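Content type compact mmCIF, C-alpha atoms and all ligand atoms, from the file final_9.txt:
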# COMPACT_ATOMS: atom_id res chain seq x y z
CA MET A 66 101.34 74.05 104.10
CA ARG A 67 101.35 71.47 106.90
CA MET A 68 104.10 68.82 106.78
CA TYR A 69 104.23 65.63 108.82
CA ARG A 70 107.24 63.30 108.95
CA ARG A 71 107.93 60.06 110.84
CA GLU A 72 111.56 59.17 111.45
CA GLU A 73 112.11 55.59 110.26
CA GLU A 74 115.32 53.75 109.31
CA VAL A 75 115.69 50.63 107.16
CA ASP A 76 119.16 49.01 107.22
CA GLY A 77 120.45 52.17 108.86
CA MET A 78 119.04 54.41 106.09
CA ALA A 79 116.49 57.16 106.77
CA VAL A 80 113.27 56.36 104.87
CA ASP A 81 111.07 58.88 106.68
CA PRO A 82 107.45 58.77 105.45
CA LEU A 83 106.27 62.27 104.60
CA LYS A 84 102.76 63.74 104.36
CA ALA A 85 102.18 67.32 103.21
CA VAL A 86 98.78 69.05 103.03
CA HIS A 87 98.49 72.30 101.09
CA THR A 88 95.36 74.18 99.95
CA VAL A 89 95.88 76.35 96.87
CA PRO A 90 93.27 78.87 95.64
CA GLY A 91 92.38 79.20 91.96
CA ILE A 92 93.17 75.71 90.63
CA THR A 93 91.47 72.30 90.42
CA GLY A 94 92.64 68.79 91.28
CA HIS A 95 92.51 67.80 87.64
CA GLU A 96 94.85 70.68 86.74
CA VAL A 97 97.30 69.81 89.57
CA CYS A 98 97.47 66.17 88.47
CA HIS A 99 97.71 67.10 84.78
CA TYR A 100 100.85 69.18 85.36
CA PHE A 101 102.34 66.74 87.90
CA PHE A 102 101.88 63.71 85.60
CA GLY A 103 102.76 65.29 82.24
CA PRO A 104 106.40 64.68 81.21
CA GLN A 105 106.29 67.75 78.96
CA TYR A 106 106.08 70.03 82.03
CA ARG A 107 108.48 68.34 84.48
CA TYR A 108 111.65 70.24 83.64
CA ASP A 109 109.68 73.46 84.23
CA TRP A 110 109.01 72.77 87.92
CA GLU A 111 111.29 69.89 89.08
CA THR A 112 114.53 71.87 89.45
CA THR A 113 116.46 68.96 91.04
CA LEU A 114 115.95 66.99 87.81
CA GLU A 115 119.05 66.42 85.67
CA GLN A 116 117.54 64.01 83.12
CA MET A 117 114.10 62.47 82.53
CA THR A 118 113.23 59.75 80.04
CA VAL A 119 109.84 58.15 79.37
CA LEU A 120 110.87 54.50 79.00
CA GLU A 121 107.39 53.21 78.25
CA THR A 122 103.95 54.58 77.45
CA VAL A 123 101.74 51.87 78.93
CA SER A 124 98.57 53.92 78.23
CA ASP A 125 97.56 57.59 78.11
CA ASP A 126 97.33 57.59 81.94
CA THR A 127 100.28 55.32 82.75
CA LEU A 128 103.95 55.99 81.95
CA VAL A 129 107.30 54.50 83.04
CA PHE A 130 109.97 57.12 83.84
CA LEU A 131 113.72 57.02 84.42
CA GLN A 132 114.92 60.20 86.18
CA THR A 133 118.39 61.31 87.22
CA HIS A 134 118.44 63.93 89.95
CA LYS A 135 121.16 66.50 90.46
CA ARG A 136 123.73 65.48 93.04
CA ILE A 137 123.09 66.96 96.46
CA TRP A 138 126.36 67.10 98.36
CA PRO A 139 127.51 65.09 100.27
CA ALA A 140 125.11 62.37 99.02
CA SER A 141 126.10 60.70 95.74
CA GLN A 142 123.93 61.27 92.65
CA ARG A 143 120.63 59.38 92.53
CA ASP A 144 118.34 58.04 89.86
CA VAL A 145 114.84 56.64 90.10
CA LEU A 146 112.79 54.34 87.82
CA PHE A 147 109.06 54.37 88.42
CA TRP A 148 105.65 53.88 86.89
CA SER A 149 103.30 56.83 87.13
CA HIS A 150 99.51 56.57 86.91
CA MET A 151 96.91 59.34 86.90
CA ARG A 152 93.22 58.81 87.47
CA LYS A 153 89.96 60.43 88.48
CA LEU A 154 88.23 59.13 91.62
CA PRO A 155 84.50 59.49 92.32
CA ASN A 156 83.70 61.85 95.20
CA GLU A 157 82.20 59.34 97.69
CA ASN A 158 81.33 62.06 100.22
CA ASP A 159 79.54 64.35 97.78
CA ARG A 160 78.16 62.70 94.66
CA ASP A 161 77.29 66.13 93.22
CA GLY A 162 80.72 67.54 94.06
CA PRO A 163 83.81 67.66 91.82
CA ASP A 164 85.74 64.40 91.38
CA LEU A 165 88.99 63.76 93.17
CA TRP A 166 92.15 63.29 91.11
CA THR A 167 95.32 61.39 91.97
CA VAL A 168 98.77 60.57 90.61
CA VAL A 169 100.68 57.60 92.04
CA ASN A 170 104.41 57.12 91.36
CA ASN A 171 105.84 53.73 92.35
CA SER A 172 109.37 52.41 91.82
CA THR A 173 109.68 49.49 89.45
CA THR A 174 112.34 47.61 87.47
CA HIS A 175 113.22 47.55 83.79
CA LEU A 176 115.45 44.91 82.19
CA ASP A 177 117.35 47.51 80.13
CA TYR A 178 118.05 49.79 83.14
CA PRO A 179 119.34 47.72 86.06
CA PRO A 180 120.09 49.68 89.27
CA ASN A 181 123.51 50.95 90.36
CA VAL A 182 125.49 50.15 87.20
CA GLY A 183 126.62 53.71 86.46
CA LYS A 184 127.49 56.68 88.65
CA CYS A 185 123.97 56.88 90.17
CA VAL A 186 122.59 55.17 93.24
CA ARG A 187 119.03 53.95 92.55
CA ILE A 188 116.45 55.29 95.00
CA TYR A 189 113.11 53.56 95.62
CA LEU A 190 109.98 55.58 96.18
CA LYS A 191 106.23 55.48 96.60
CA VAL A 192 104.47 58.80 96.00
CA CYS A 193 100.78 59.60 96.12
CA LEU A 194 99.37 63.01 95.14
CA LEU A 195 95.66 63.26 96.03
CA CYS A 196 93.73 66.38 94.99
CA GLN A 197 90.28 67.50 96.16
CA THR A 198 88.68 70.48 94.40
CA ARG A 199 86.47 72.85 96.41
CA VAL A 200 83.91 75.08 94.69
CA ASP A 201 82.31 78.06 96.50
CA PRO A 202 79.73 79.25 93.95
CA PRO A 203 79.25 83.04 93.66
CA LYS A 204 76.23 84.23 95.68
CA ASP A 205 74.63 86.22 92.87
CA GLY A 206 74.48 83.34 90.38
CA ALA A 207 77.36 84.94 88.41
CA PRO A 208 79.53 82.67 86.25
CA LEU A 209 82.11 80.59 88.11
CA THR A 210 85.63 82.03 88.05
CA ARG A 211 88.97 80.94 89.53
CA ASP A 212 88.09 83.11 92.54
CA ASN A 213 85.46 80.49 93.43
CA ILE A 214 87.70 77.38 93.38
CA SER A 215 90.56 75.92 95.42
CA CYS A 216 92.35 72.61 95.65
CA LYS A 217 93.33 70.66 98.76
CA ILE A 218 96.52 68.80 97.86
CA THR A 219 97.71 65.84 99.94
CA TYR A 220 101.20 64.63 99.00
CA CYS A 221 102.52 61.44 100.60
CA SER A 222 105.92 59.90 99.91
CA VAL A 223 108.26 57.24 101.21
CA VAL A 224 111.75 57.36 99.72
CA ASN A 225 114.46 54.77 100.28
CA PRO A 226 117.68 56.58 99.31
CA GLY A 227 119.18 53.34 97.99
CA GLY A 228 122.76 53.69 99.15
CA TRP A 229 123.87 54.66 102.65
CA ALA A 230 123.98 58.36 103.44
CA PRO A 231 124.02 59.89 106.94
CA ALA A 232 120.44 60.09 108.24
CA SER A 233 121.16 63.64 109.41
CA VAL A 234 122.17 64.62 105.86
CA LEU A 235 119.11 62.98 104.25
CA ARG A 236 116.77 64.57 106.79
CA ALA A 237 118.32 67.97 106.12
CA VAL A 238 117.79 67.45 102.36
CA TYR A 239 114.19 66.39 102.79
CA LYS A 240 113.44 69.20 105.26
CA ARG A 241 114.85 71.78 102.82
CA GLU A 242 113.74 70.33 99.50
CA TYR A 243 110.18 69.10 100.01
CA PRO A 244 108.58 72.43 101.00
CA LYS A 245 110.48 74.17 98.17
CA PHE A 246 109.45 71.46 95.70
CA LEU A 247 105.74 71.57 96.61
CA LYS A 248 105.54 75.40 96.72
CA ARG A 249 107.40 75.68 93.41
CA PHE A 250 105.17 73.07 91.76
CA THR A 251 101.87 74.58 92.96
CA ALA A 252 102.99 78.11 91.99
CA TYR A 253 103.80 76.68 88.53
CA VAL A 254 100.27 75.25 88.19
CA VAL A 255 98.69 78.58 89.29
CA ASN A 256 100.77 80.41 86.70
CA GLN A 257 100.10 77.91 83.90
CA THR A 258 96.33 77.95 84.44
CA LYS A 259 95.55 81.58 85.40
CA ASN A 260 94.49 82.65 81.88
CA LYS A 261 93.07 79.28 80.80
CA PRO A 262 89.51 77.91 81.13
CA ILE A 263 89.00 75.91 84.36
CA MET A 264 89.70 72.17 83.84
CA PHE A 265 87.46 70.21 86.27
O1 LIG B 1 107.24 63.25 93.60
S1 LIG B 1 108.15 62.77 92.59
O2 LIG B 1 107.88 61.49 92.03
C1 LIG B 1 108.13 63.98 91.33
C2 LIG B 1 108.75 63.52 90.07
O3 LIG B 1 110.08 63.94 90.06
C3 LIG B 1 109.74 62.74 93.31
C4 LIG B 1 109.99 63.50 94.44
C5 LIG B 1 111.23 63.47 95.06
C6 LIG B 1 112.24 62.66 94.56
C7 LIG B 1 113.53 62.60 95.26
C8 LIG B 1 113.83 61.54 96.07
C9 LIG B 1 115.01 61.54 96.79
C10 LIG B 1 115.92 62.58 96.72
C11 LIG B 1 117.19 62.54 97.57
C12 LIG B 1 117.47 61.19 98.20
C13 LIG B 1 118.93 61.21 98.58
C14 LIG B 1 119.53 62.29 97.83
C15 LIG B 1 118.47 62.74 96.80
C16 LIG B 1 115.60 63.64 95.91
C17 LIG B 1 116.48 64.78 95.85
C18 LIG B 1 116.48 65.69 94.81
C19 LIG B 1 116.01 66.13 96.14
C20 LIG B 1 114.59 66.36 96.46
C21 LIG B 1 114.07 65.95 97.68
C22 LIG B 1 112.74 66.22 97.90
C23 LIG B 1 111.98 66.81 96.90
C24 LIG B 1 112.56 67.15 95.71
N1 LIG B 1 113.86 66.93 95.48
C25 LIG B 1 114.43 63.65 95.14
C26 LIG B 1 111.99 61.90 93.41
C27 LIG B 1 110.74 61.93 92.79

What does the file become when written as structure tokens?
Amino acid sequence: MRMYRREEEVDGMAVDPLKAVHTVPGITGHEVCHYFFGPQYRYDWETTLEQMTVLETVSDDTLVFLQTHKRIWPASQRDVLFWSHMRKLPNENDRDGPDLWTVVNNSTTHLDYPPNVGKCVRIYLKVCLLCQTRVDPPKDGAPLTRDNISCKITYCSVVNPGGWAPASVLRAVYKREYPKFLKRFTAYVVNQTKNKPIMF
């Protein structure tokens, strides 16, 4: 996994853009996005999650979430309200190749859930998960198995922590949590799919 971060501050708060690139054998981009988008799986892999509610089902590929994350000392507890959209993208570079898949999470507002009225500080985020499946067909014309596929995952995020917290503290949280979060999530997808038919 390669991680790239740019140190940026807005109103004295660290909002460091992050890009992580991780290639995982044995899974497809559709499978990665399916398990990242699906609310029914999130408590399985998002261990910093305290509560998750689907506020709105806009369509089968677009949901509005309200999430409360566990407090990470010394920062106060955070929540986040965002729309999440999953879609397939045509492979412009290889029309015969597998499609790309993406999930975008973007902070939004909701009249019934104004920010910062309870114990939580509202964070604001933009997240893009872009997945490119690679197929290396078996030489002998044998059927395709999970040994012949891999997925290049590009995860980009910008998170405004909402309320002030020392930049050094936030950067320590991000540096510790993001690699854990991405490795835990991808290991979850490998485990969930290993005995299932390949979902392209
Ligand atoms: O990709 S997602 O949409 C996946 C859906 O859940 C996403 C990812 C990350 C976060 C997030 C944003 C900020 C924080 C910090 C900010 C100051 C104190 C809490 C944390 C805390 C929980 C820690 C954390 C950081 C990085 C990765 C995972 N966990 C989490 C929210 C949503």

Next on the checklist: Would you pick out the contacts of Leu176 in chain A at 12 Å or less, using only C-alpha atoms, so that residues sharing its chain but fewer than 4 positions from it are not included, and give the list as an NGL selection string?
Outcome noted: :A and (120 or 146 or 180)

Item to check | Expected residue set, 12 Å radius at (101.0, 62.7, 108.9), all atoms listed in the file, as a VMD selection string | outcome: chain A and resid 67 to 72 81 to 86 219 to 223

Item to check | Test item: which residues lie within 8 Å of (112.6, 56.1, 98.6) counting all atoms listed in the file, as a ChimeraX atom specification | outcome: /A:80,188-191,222-227

Since we have the selection now, will you write its residues out, keeping C-alpha atoms, as a PDB file, in the frame of the given file?
ATOM      1  CA  VAL A  80     113.270  56.360 104.870  1.00  0.00           C
ATOM      2  CA  ILE A 188     116.450  55.290  95.000  1.00  0.00           C
ATOM      3  CA  TYR A 189     113.110  53.560  95.620  1.00  0.00           C
ATOM      4  CA  LEU A 190     109.980  55.580  96.180  1.00  0.00           C
ATOM      5  CA  LYS A 191     106.230  55.480  96.600  1.00  0.00           C
ATOM      6  CA  SER A 222     105.920  59.900  99.910  1.00  0.00           C
ATOM      7  CA  VAL A 223     108.260  57.240 101.210  1.00  0.00           C
ATOM      8  CA  VAL A 224     111.750  57.360  99.720  1.00  0.00           C
ATOM      9  CA  ASN A 225     114.460  54.770 100.280  1.00  0.00           C
ATOM     10  CA  PRO A 226     117.680  56.580  99.310  1.00  0.00           C
ATOM     11  CA  GLY A 227     119.180  53.340  97.990  1.00  0.00           C
TER      12      GLY A 227
END

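The residue that comes closest to Val145 in chain A, out of A:Asp159, A:Asp201, A:Asp164, A:Glu115 and on the basis of all atoms listed in the file, is A:Glu115.
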
Checklist entry - Got a sec to check which residues lie within 8 Å of ligand LIG 1 (chain B), using only C-alpha atoms and all ligand atoms, and send them as a PyMOL selection string? => result chain A and resi 101+107+111-114+132+134-137+140-143+145+170+188+190-193+222+224-227+230+235+238-247

Next on the checklist: Would you compute the distance between CA of Gly94 in chain A and CA of Asp109 in chain A? Give it in Å to one decimal.
Outcome noted: 19.0 Å

Next on the checklist: Between CA of Ser233 in chain A and CA of Asn171 in chain A, what distance in Å does the model show, to one decimal?
Outcome noted: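 Distance reported for this atom pair: 25.0 Å.
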
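Of the residues listed (A:Arg211, A:Lys184, A:Arg160, A:Lys217), A:Lys217 shows the shortest atom-to-atom separation from Arg199 in chain A; distances use all atoms listed in the file.
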
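Distances from A:Phe250, A:Trp166, A:Phe130, A:Trp110 to Cys98 in chain A were compared using only C-alpha atoms, and the smallest one belongs to A:Trp166.
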
Checklist entry - Interatomic distance between CA of Thr198 in chain A and CA of Gly103 in chain A? => result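 Those two atoms sit 19.3 Å apart.
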
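Excluding Val200 in chain A and any residue on its chain fewer than 4 positions from it, the residues at most 8 Å away by all atoms listed in the file are Pro163, Asn213, Ile214 and Ser215 of chain A.
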
Next on the checklist: When you look at range 123-129 of chain A with a cut-off of 9 Å (counting only C-alpha atoms), what residues show up, excluding the ones that are within fewer than 6 positions of it in the same chain? I need them as a list of chain:residue names.
Outcome noted: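 Close residues of range 123-129 of chain A: A:Phe102, A:Leu146, A:Phe147, A:Trp148, A:Ser149, A:His150, A:Met151, A:Arg152, A:Thr173.
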